[in-house]
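Student: If you scroll down you'll find the structure; I have some questions about it.
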There are 2 protein chains.
Amino acid sequence: MVTETVENYLKAVETLSRQGEVGVARLAQELRLTKGTVTSMVQRLARRGLLRAPRYGSVSLTPLGRRKALDVLRRHRIIECFLVRYIGLDWTEVHVEAERLEHALSPRVLNRLDALLGHPSRDPHGDPIPTARGHLRVAKDVPLDRLATGARARIERVMHQSPRFLRTAASCGLLPGAAVVVMQSASGASGVQLRIGRRAPVRVGRSIAQRVMAVEVEQPRLRRRASRAARATDRKVGVA
Amino acid sequence: MVTETVENYLKAVETLSRQGEVGVARLAQELRLTKGTVTSMVQRLARRGLLRAPRYGSVSLTPLGRRKALDVLRRHRIIECFLVRYIGLDWTEVHVEAERLEHALSPRVLNRLDALLGHPSRDPHGDPIPTARGHLRVAKDVPLDRLATGARARIERVMHQSPRFLRTAASCGLLPGAAVVVMQSASGASGVQLRIGRRAPVRVGRSIAQRVMAVEVEQPRLRRRASRAARATDRKVGVA
DNA sequence: TCAGTAAGTTTGACGAGTCAAACTTTGGGG
DNA sequence: CCCCAAAGTTTGACTCGTCAAACTTACTGA
Ligand SMILES: [Mn+2]
Ligand SMILES: [Mn+2]
Ligand SMILES: [Mn+2]
Ligand SMILES: [Mn+2]
């Protein structure tokens with residue numbers, strides 16, 4: 001039986017592994033546990049065939065483990081969509097709620113929810129939702145601080161789940177779907193200067209710019225409508 | 001911290017205590033655990049001030065324990081309403097789903113859900129929903145096998161959660177809100193003969209009649225509209 | 001009245017999940 | 001090349017929730 005705890009470990013390995021090696025220390029930090037605890041748990045999961053855990057090496061998911069991790073991730077993100085759309089929660093707060101509900105949702109209910117939402121492909125933060133068959137689309141977006149001066153781009157996702165961070169991002173219009181123009185690209189520690197939508201240009205610090213992902217837009221002068229999701233969120237957050 | 005396990009114990013004590021003494025054996029049966037396990041758990045909960053557990057006596061809830069039990073029950077029943085109304089699950093199946101979700105719902109989400117549903121006072125089985133302040137209305141309904149011949153009544157609730165049982169009840173029209181006339185009252189083991197709605201009279205066995213609760217209707221000839229809940233359920237179950 | 005049975009308790013054991021603290025390995029800077 | 005801090009592991013202990021099996025108490029009905 002896969003407990004809530006096990007699901008959380010697997011999900012953590014999956015998400016951390018998208019940004020480099022997954023060490024015990026990193027996992028321990030993510031899960032807010034001690035290193036010793038993580039070492040022993042990781043060894044047990046390896047014995048169960050869910051992880052590979054070479055001694056002193058980087059932890060990785062087996063196909064089975066990955067499958068289960070993506071199942072959890074799918075539940076998590078579909079729940080987030082649902083909480084925003086039907087329950088009326090703010091996108092800055094849904095993460096914690098989903099963190100608990102993701103373990104209590106039967107396949108039945110999940111499927112109904114998915115259908116009710118029209119089979120969404122992204123959650124409110126712009127993160128892709130794994131398919132029911134366990135496939136996760138790889139995003140080819142880039143953090144704002146890698147964009148060159150003059151680039152035009154569309155915000156794809158806002159990484160990092162803390163409400164503090166998300167509120168800050170939202171307050172300057174950095175929401176999935178928003179259009180941005182880079183007035184002055186990031187250099188040193190000074191951050192990046194942006195025009196977001198039709199707002200006055202603002203300077204965005206490195207720590208934020210690193211965590212907001214965007215894709216460059218090819219046809220900049222062609223006026224595009226913001227996506228439905230972006231407009232809905234705008235209303236919710238009170239963006240003009 | 002109140003774990004899922006503890007919540008289940010408290011809820012079980014609360015519901016069982018409405019039908020007599022709550023002994024360890026009865027609790028063990030309800031929770032599908034051994035007597036020994038229940039004894040020790042019940043003693044721990046007593047130490048925590050949630051239960052009273054006199055040696056060899058009947059278990060009961062302290063005010064604190066009762067409060068927590070009713071909170072869980074409230075969550076359970078609101079979730080059931082939600083699953084029927086928004087997710088489209090059948091009333092015969094919502095119980096198991098709610099059994100897991102009831103432990104994962106934050107007060108925030110619960111309140112939104114409650115509002116979304118228009119603050120329902122009963123769940124799909126007709127069971128009353130405790131208020132947010134922890135008050136549970138006492139029902140003065142009576143099982144079908146206590147009704148006299150000629151009595152006219154309205155079904156209030158169908159006790160017992162097994163899908164098998166609920167499907168059987170539904171198949172002969174015994175749903176909350178349905179109108180019944182007692183053609184022949186229960187006697188011996190023979191069950192009761194009923195006219196349910198406008199259907200042809202049927203004989204309902206004791207085991208069923210004992211678990212379907214009804215209230216006598218004063219003005220039998222005054223044609224009353226079925227409650228909204230009853231009609232919704234009728235559609236779902238395919239009742240004419 | 002008292003024997004048999006149902007109800008309740010105790011005991012000893014276990015797996016999951018966790019921590020603190022001591023210990024070992026690894027890898028990069030001097 | 002070597003040292004040492006960071007990363008990883010081990011050890012010993014603890015709580016929670018559970019079981020099986022032996023034991024004790026209470027009640028019922030003959
Ligand atoms: Mn979680
Ligand atoms: Mn998300
Ligand atoms: Mn439950
Ligand atoms: Mn119910």
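Chains: A, B, ... in order of the structure tokens. Residues: from 1 per chain. Ligands: from 1, in order shown.
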Just need chain A moved onto chain B: least-squares over all Cα atoms matched in order, then output as a short mmCIF file (atom, residue, chain, number, x, y, z; two decimals) with C-alpha atoms, in the first residue's frame.

Tutor:
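What follows is the written file out05.cif:
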```cif
data_model
loop_
_atom_site.label_atom_id
_atom_site.label_comp_id
_atom_site.auth_asym_id
_atom_site.auth_seq_id
_atom_site.Cartn_x
_atom_site.Cartn_y
_atom_site.Cartn_z
CA MET A 1 -2.84 16.73 16.77
CA VAL A 2 -5.98 14.82 15.81
CA THR A 3 -5.08 12.13 13.32
CA GLU A 4 -7.33 10.48 10.82
CA THR A 5 -7.47 7.43 13.06
CA VAL A 6 -8.59 9.44 16.06
CA GLU A 7 -11.25 11.17 14.00
CA ASN A 8 -12.60 7.82 12.91
CA TYR A 9 -12.80 6.55 16.48
CA LEU A 10 -14.62 9.66 17.67
CA LYS A 11 -17.07 9.59 14.81
CA ALA A 12 -17.78 5.92 15.44
CA VAL A 13 -18.51 6.54 19.10
CA GLU A 14 -20.81 9.43 18.23
CA THR A 15 -22.84 7.52 15.68
CA LEU A 16 -23.01 4.26 17.66
CA SER A 17 -24.07 6.06 20.82
CA ARG A 18 -27.34 7.05 19.11
CA GLN A 19 -28.42 3.45 19.26
CA GLY A 20 -27.54 2.33 22.74
CA GLU A 21 -24.45 1.54 24.78
CA VAL A 22 -21.09 1.69 23.07
CA GLY A 23 -18.96 -1.28 23.99
CA VAL A 24 -15.49 -2.18 22.84
CA ALA A 25 -16.81 -5.11 20.82
CA ARG A 26 -19.30 -2.91 18.98
CA LEU A 27 -16.65 -0.32 18.22
CA ALA A 28 -14.23 -2.99 17.07
CA GLN A 29 -16.82 -4.34 14.67
CA GLU A 30 -17.64 -0.88 13.31
CA LEU A 31 -13.99 0.05 12.81
CA ARG A 32 -12.93 -3.43 11.68
CA LEU A 33 -10.25 -3.76 14.32
CA THR A 34 -9.64 -6.25 17.10
CA LYS A 35 -11.03 -5.74 20.58
CA GLY A 36 -7.56 -5.41 22.05
CA THR A 37 -6.66 -2.65 19.67
CA VAL A 38 -9.83 -0.76 20.48
CA THR A 39 -9.37 -1.15 24.22
CA SER A 40 -5.92 0.37 24.14
CA MET A 41 -6.86 3.15 21.75
CA VAL A 42 -9.94 4.02 23.76
CA GLN A 43 -7.81 4.24 26.88
CA ARG A 44 -5.42 6.59 25.16
CA LEU A 45 -8.25 8.79 23.96
CA ALA A 46 -9.63 8.86 27.49
CA ARG A 47 -6.24 10.04 28.75
CA ARG A 48 -6.38 12.78 26.12
CA GLY A 49 -9.74 13.93 27.40
CA LEU A 50 -11.71 12.95 24.33
CA LEU A 51 -13.57 9.96 25.74
CA ARG A 52 -14.83 8.57 29.03
CA ALA A 53 -13.91 4.91 29.29
CA PRO A 54 -14.96 3.37 32.62
CA ARG A 55 -13.44 -0.03 33.06
CA TYR A 56 -15.75 -2.69 31.65
CA GLY A 57 -18.30 0.03 31.04
CA SER A 58 -19.79 1.91 28.12
CA VAL A 59 -17.59 4.36 26.21
CA SER A 60 -18.87 7.92 25.84
CA LEU A 61 -17.66 11.21 24.44
CA THR A 62 -16.53 14.14 26.55
CA PRO A 63 -17.79 17.56 25.40
CA LEU A 64 -14.46 18.07 23.65
CA GLY A 65 -14.59 14.69 21.99
CA ARG A 66 -18.17 15.19 20.94
CA ARG A 67 -17.31 18.52 19.42
CA LYS A 68 -14.58 16.98 17.33
CA ALA A 69 -16.78 14.06 16.35
CA LEU A 70 -19.48 16.41 15.11
CA ASP A 71 -16.93 18.38 13.13
CA VAL A 72 -15.95 15.23 11.30
CA LEU A 73 -19.56 14.25 10.78
CA ARG A 74 -20.28 17.69 9.37
CA ARG A 75 -17.41 17.39 6.92
CA HIS A 76 -18.48 13.91 5.96
CA ARG A 77 -22.05 14.85 5.19
CA ILE A 78 -21.31 18.08 3.39
CA ILE A 79 -18.87 16.20 1.19
CA GLU A 80 -21.55 13.63 0.43
CA CYS A 81 -23.89 16.40 -0.69
CA PHE A 82 -21.19 17.86 -2.84
CA LEU A 83 -20.28 14.57 -4.47
CA VAL A 84 -23.88 13.92 -5.44
CA ARG A 85 -24.67 17.41 -6.60
CA TYR A 86 -21.49 18.54 -8.35
CA ILE A 87 -19.46 15.45 -9.08
CA GLY A 88 -22.44 13.40 -10.16
CA LEU A 89 -21.76 10.38 -8.00
CA ASP A 90 -24.62 8.13 -7.04
CA TRP A 91 -25.98 8.44 -3.48
CA THR A 92 -25.27 4.73 -3.01
CA GLU A 93 -21.54 5.28 -3.41
CA VAL A 94 -20.66 8.59 -1.84
CA HIS A 95 -20.13 7.21 1.64
CA VAL A 96 -16.79 5.49 1.00
CA GLU A 97 -15.48 8.49 -0.88
CA ALA A 98 -16.46 10.84 1.93
CA GLU A 99 -14.84 8.50 4.43
CA ARG A 100 -11.43 9.50 3.10
CA LEU A 101 -12.06 13.09 2.09
CA GLU A 102 -13.54 14.04 5.46
CA HIS A 103 -10.02 14.09 6.91
CA ALA A 104 -8.44 16.25 4.24
CA LEU A 105 -10.77 19.23 4.13
CA SER A 106 -9.64 22.53 5.66
CA PRO A 107 -12.17 24.79 7.38
CA ARG A 108 -11.79 27.24 4.49
CA VAL A 109 -12.71 24.75 1.83
CA LEU A 110 -15.47 23.31 3.98
CA ASN A 111 -17.11 26.68 4.38
CA ARG A 112 -16.96 27.43 0.68
CA LEU A 113 -18.45 24.06 -0.08
CA ASP A 114 -21.20 24.58 2.45
CA ALA A 115 -22.06 27.95 0.93
CA LEU A 116 -21.92 26.57 -2.60
CA LEU A 117 -24.48 23.95 -1.59
CA GLY A 118 -26.73 26.51 0.08
CA HIS A 119 -26.06 25.34 3.65
CA PRO A 120 -27.82 21.99 3.36
CA SER A 121 -29.41 20.56 6.49
CA ARG A 122 -29.35 16.93 5.40
CA ASP A 123 -27.05 14.68 3.43
CA PRO A 124 -28.15 12.50 0.50
CA HIS A 125 -29.20 9.73 2.88
CA GLY A 126 -31.36 12.10 4.85
CA ASP A 127 -28.98 12.28 7.80
CA PRO A 128 -28.89 15.69 9.49
CA ILE A 129 -25.74 17.79 9.09
CA PRO A 130 -24.29 19.18 12.32
CA THR A 131 -24.05 22.97 12.34
CA ALA A 132 -20.73 24.78 12.25
CA ARG A 133 -21.20 25.41 15.98
CA GLY A 134 -21.45 21.71 16.70
CA HIS A 135 -25.17 21.28 17.14
CA LEU A 136 -26.93 18.21 15.78
CA ARG A 137 -30.68 18.22 15.37
CA VAL A 138 -32.32 15.15 16.90
CA ALA A 139 -34.61 13.45 14.43
CA LYS A 140 -37.97 12.23 15.65
CA ASP A 141 -38.51 9.79 12.84
CA VAL A 142 -39.46 6.16 13.25
CA PRO A 143 -38.55 2.99 11.34
CA LEU A 144 -41.10 1.76 8.80
CA ASP A 145 -41.81 -1.38 10.76
CA ARG A 146 -43.28 0.66 13.61
CA LEU A 147 -45.92 2.33 11.48
CA ALA A 148 -49.55 1.18 11.87
CA THR A 149 -51.72 -0.02 9.02
CA GLY A 150 -53.24 2.94 7.19
CA ALA A 151 -50.53 5.38 8.26
CA ARG A 152 -49.29 7.89 5.73
CA ALA A 153 -45.71 8.98 6.07
CA ARG A 154 -42.72 10.56 4.38
CA ILE A 155 -39.34 8.83 4.18
CA GLU A 156 -36.80 10.87 6.10
CA ARG A 157 -33.62 8.87 6.03
CA VAL A 158 -32.17 5.58 4.96
CA MET A 159 -29.79 4.33 7.60
CA HIS A 160 -26.91 1.93 6.85
CA GLN A 161 -24.35 2.83 4.25
CA SER A 162 -23.73 -0.28 2.20
CA PRO A 163 -24.21 0.31 -1.54
CA ARG A 164 -25.97 -3.07 -1.78
CA PHE A 165 -28.57 -2.00 0.73
CA LEU A 166 -29.00 1.46 -0.70
CA ARG A 167 -29.46 0.14 -4.21
CA THR A 168 -32.13 -2.24 -3.02
CA ALA A 169 -33.92 0.53 -1.17
CA ALA A 170 -33.71 2.85 -4.16
CA SER A 171 -34.97 0.19 -6.56
CA CYS A 172 -38.31 0.07 -4.78
CA GLY A 173 -38.54 3.83 -4.39
CA LEU A 174 -37.50 4.12 -0.77
CA LEU A 175 -35.67 7.43 -1.01
CA PRO A 176 -35.59 10.39 1.36
CA GLY A 177 -38.65 12.50 0.57
CA ALA A 178 -40.78 9.69 -0.86
CA ALA A 179 -44.41 9.43 0.31
CA VAL A 180 -45.62 6.08 1.59
CA VAL A 181 -48.90 4.58 2.74
CA VAL A 182 -48.85 1.55 4.99
CA MET A 183 -51.20 -1.06 3.52
CA GLN A 184 -50.38 -3.69 6.10
CA SER A 185 -48.20 -3.02 9.10
CA ALA A 186 -45.26 -5.19 10.06
CA SER A 187 -46.05 -8.29 12.08
CA GLY A 188 -43.83 -11.21 12.95
CA ALA A 189 -41.10 -11.63 10.39
CA SER A 190 -43.34 -10.87 7.43
CA GLY A 191 -42.31 -7.25 6.86
CA VAL A 192 -44.57 -4.42 5.88
CA GLN A 193 -46.73 -3.84 2.81
CA LEU A 194 -46.45 -0.34 1.39
CA ARG A 195 -47.60 1.90 -1.38
CA ILE A 196 -44.63 4.09 -2.26
CA GLY A 197 -45.47 7.22 -4.22
CA ARG A 198 -47.85 6.22 -7.01
CA ARG A 199 -46.38 2.77 -7.49
CA ALA A 200 -48.08 -0.56 -7.07
CA PRO A 201 -47.93 -1.79 -3.47
CA VAL A 202 -44.87 -3.81 -2.46
CA ARG A 203 -43.87 -5.89 0.52
CA VAL A 204 -40.72 -4.71 2.26
CA GLY A 205 -38.80 -7.10 4.46
CA ARG A 206 -38.10 -6.45 8.15
CA SER A 207 -34.37 -5.99 7.68
CA ILE A 208 -35.03 -3.13 5.30
CA ALA A 209 -38.05 -1.67 7.08
CA GLN A 210 -36.03 -1.41 10.28
CA ARG A 211 -33.48 0.83 8.64
CA VAL A 212 -35.72 3.20 6.71
CA MET A 213 -36.95 6.04 8.88
CA ALA A 214 -40.12 8.02 8.26
CA VAL A 215 -42.36 10.64 9.84
CA GLU A 216 -46.12 10.41 9.73
CA VAL A 217 -47.80 13.01 7.60
CA GLU A 218 -50.74 14.92 9.14
CA GLN A 219 -52.70 16.04 6.08
CA PRO A 220 -52.67 12.98 3.85
CA ARG A 221 -55.10 14.16 1.13
CA LEU A 222 -53.36 17.49 0.60
CA ARG A 223 -51.21 16.76 -2.43
CA ARG A 224 -47.63 17.74 -1.53
CA ARG A 225 -44.75 18.18 -3.89
CA ALA A 226 -41.81 15.94 -3.26
CA SER A 227 -38.79 17.81 -1.95
CA ARG A 228 -36.20 19.03 -4.40
CA ALA A 229 -33.66 16.52 -3.12
CA ALA A 230 -36.03 13.62 -3.58
CA ARG A 231 -36.85 14.57 -7.14
CA ALA A 232 -33.22 15.03 -8.04
CA THR A 233 -32.38 11.61 -6.66
CA ASP A 234 -35.35 10.08 -8.48
CA ARG A 235 -33.97 11.28 -11.75
CA LYS A 236 -30.49 10.00 -10.93
CA VAL A 237 -31.69 6.56 -9.92
CA GLY A 238 -34.12 6.31 -12.79
CA VAL A 239 -37.33 6.29 -10.78
CA ALA A 240 -40.45 7.03 -12.84
#
```

Student: If you run DSSP on the backbone, which residues of segment 13-196 of chain B are strand (DSSP E), as a ChimeraX atom specification?

Tutor: /B:51-52,60-61,142-143,152-158,179-184,192-196

Student: Please determine the contact residues of chain D with respect to chain A at a cut-off of 12 Å, counting only C-alpha atoms (C1' of nucleotides), and supply them as a list in words.

Tutor: DA6, DA7, DG8, DT9, DT10 and DT11 of chain D

Student: So the first atom is atom C1' of DG12 of chain C and the second is atom C1' of DT15 of chain D; what is the distance between them in Å, to one decimal place?

Tutor: 17.0 Å

Student: What lies within 12 Å of DT11 of chain C using only C-alpha atoms (C1' of nucleotides), ignoring chain neighbours under 3 positions off, as a PyMOL selection string?

Tutor: (chain B and resi 36+40) or (chain D and resi 19-23)

Student: Counting only C-alpha atoms (C1' of nucleotides), what are the residues of chain C within 8 Å of chain A, and for each of them which pair of atoms is the nearest and at what distance in Å, to one decimal? Sort the table by chain and rising number, as a Markdown table.

Tutor:
```
| residue | atom | partner | partner_atom | distance |
| --- | --- | --- | --- | --- |
| C:DT18 | C1' | A:Thr37 | CA | 6.6 |
| C:DC19 | C1' | A:Thr34 | CA | 7.4 |
| C:DT25 | C1' | A:Tyr56 | CA | 7.7 |
```

Student: List every residue of segment 1-185 of chain B that DSSP, applied to the backbone of this structure, places in alpha helix (DSSP H), and write the result as an MDAnalysis selection string.

Tutor: chainID B and resid 4:16 24:31 35:47 63:82 94:101 107:116 163:171

Student: Would you kindly return, as JSON, numbers by chain, each protein, DNA or RNA residue with an atom no farther than 12 Å from any atom of DG12 of chain D, considering only C-alpha atoms (C1' of nucleotides) and excluding same-chain residues fewer than 4 positions away?

Tutor: {"C": [19, 20, 21, 22]}
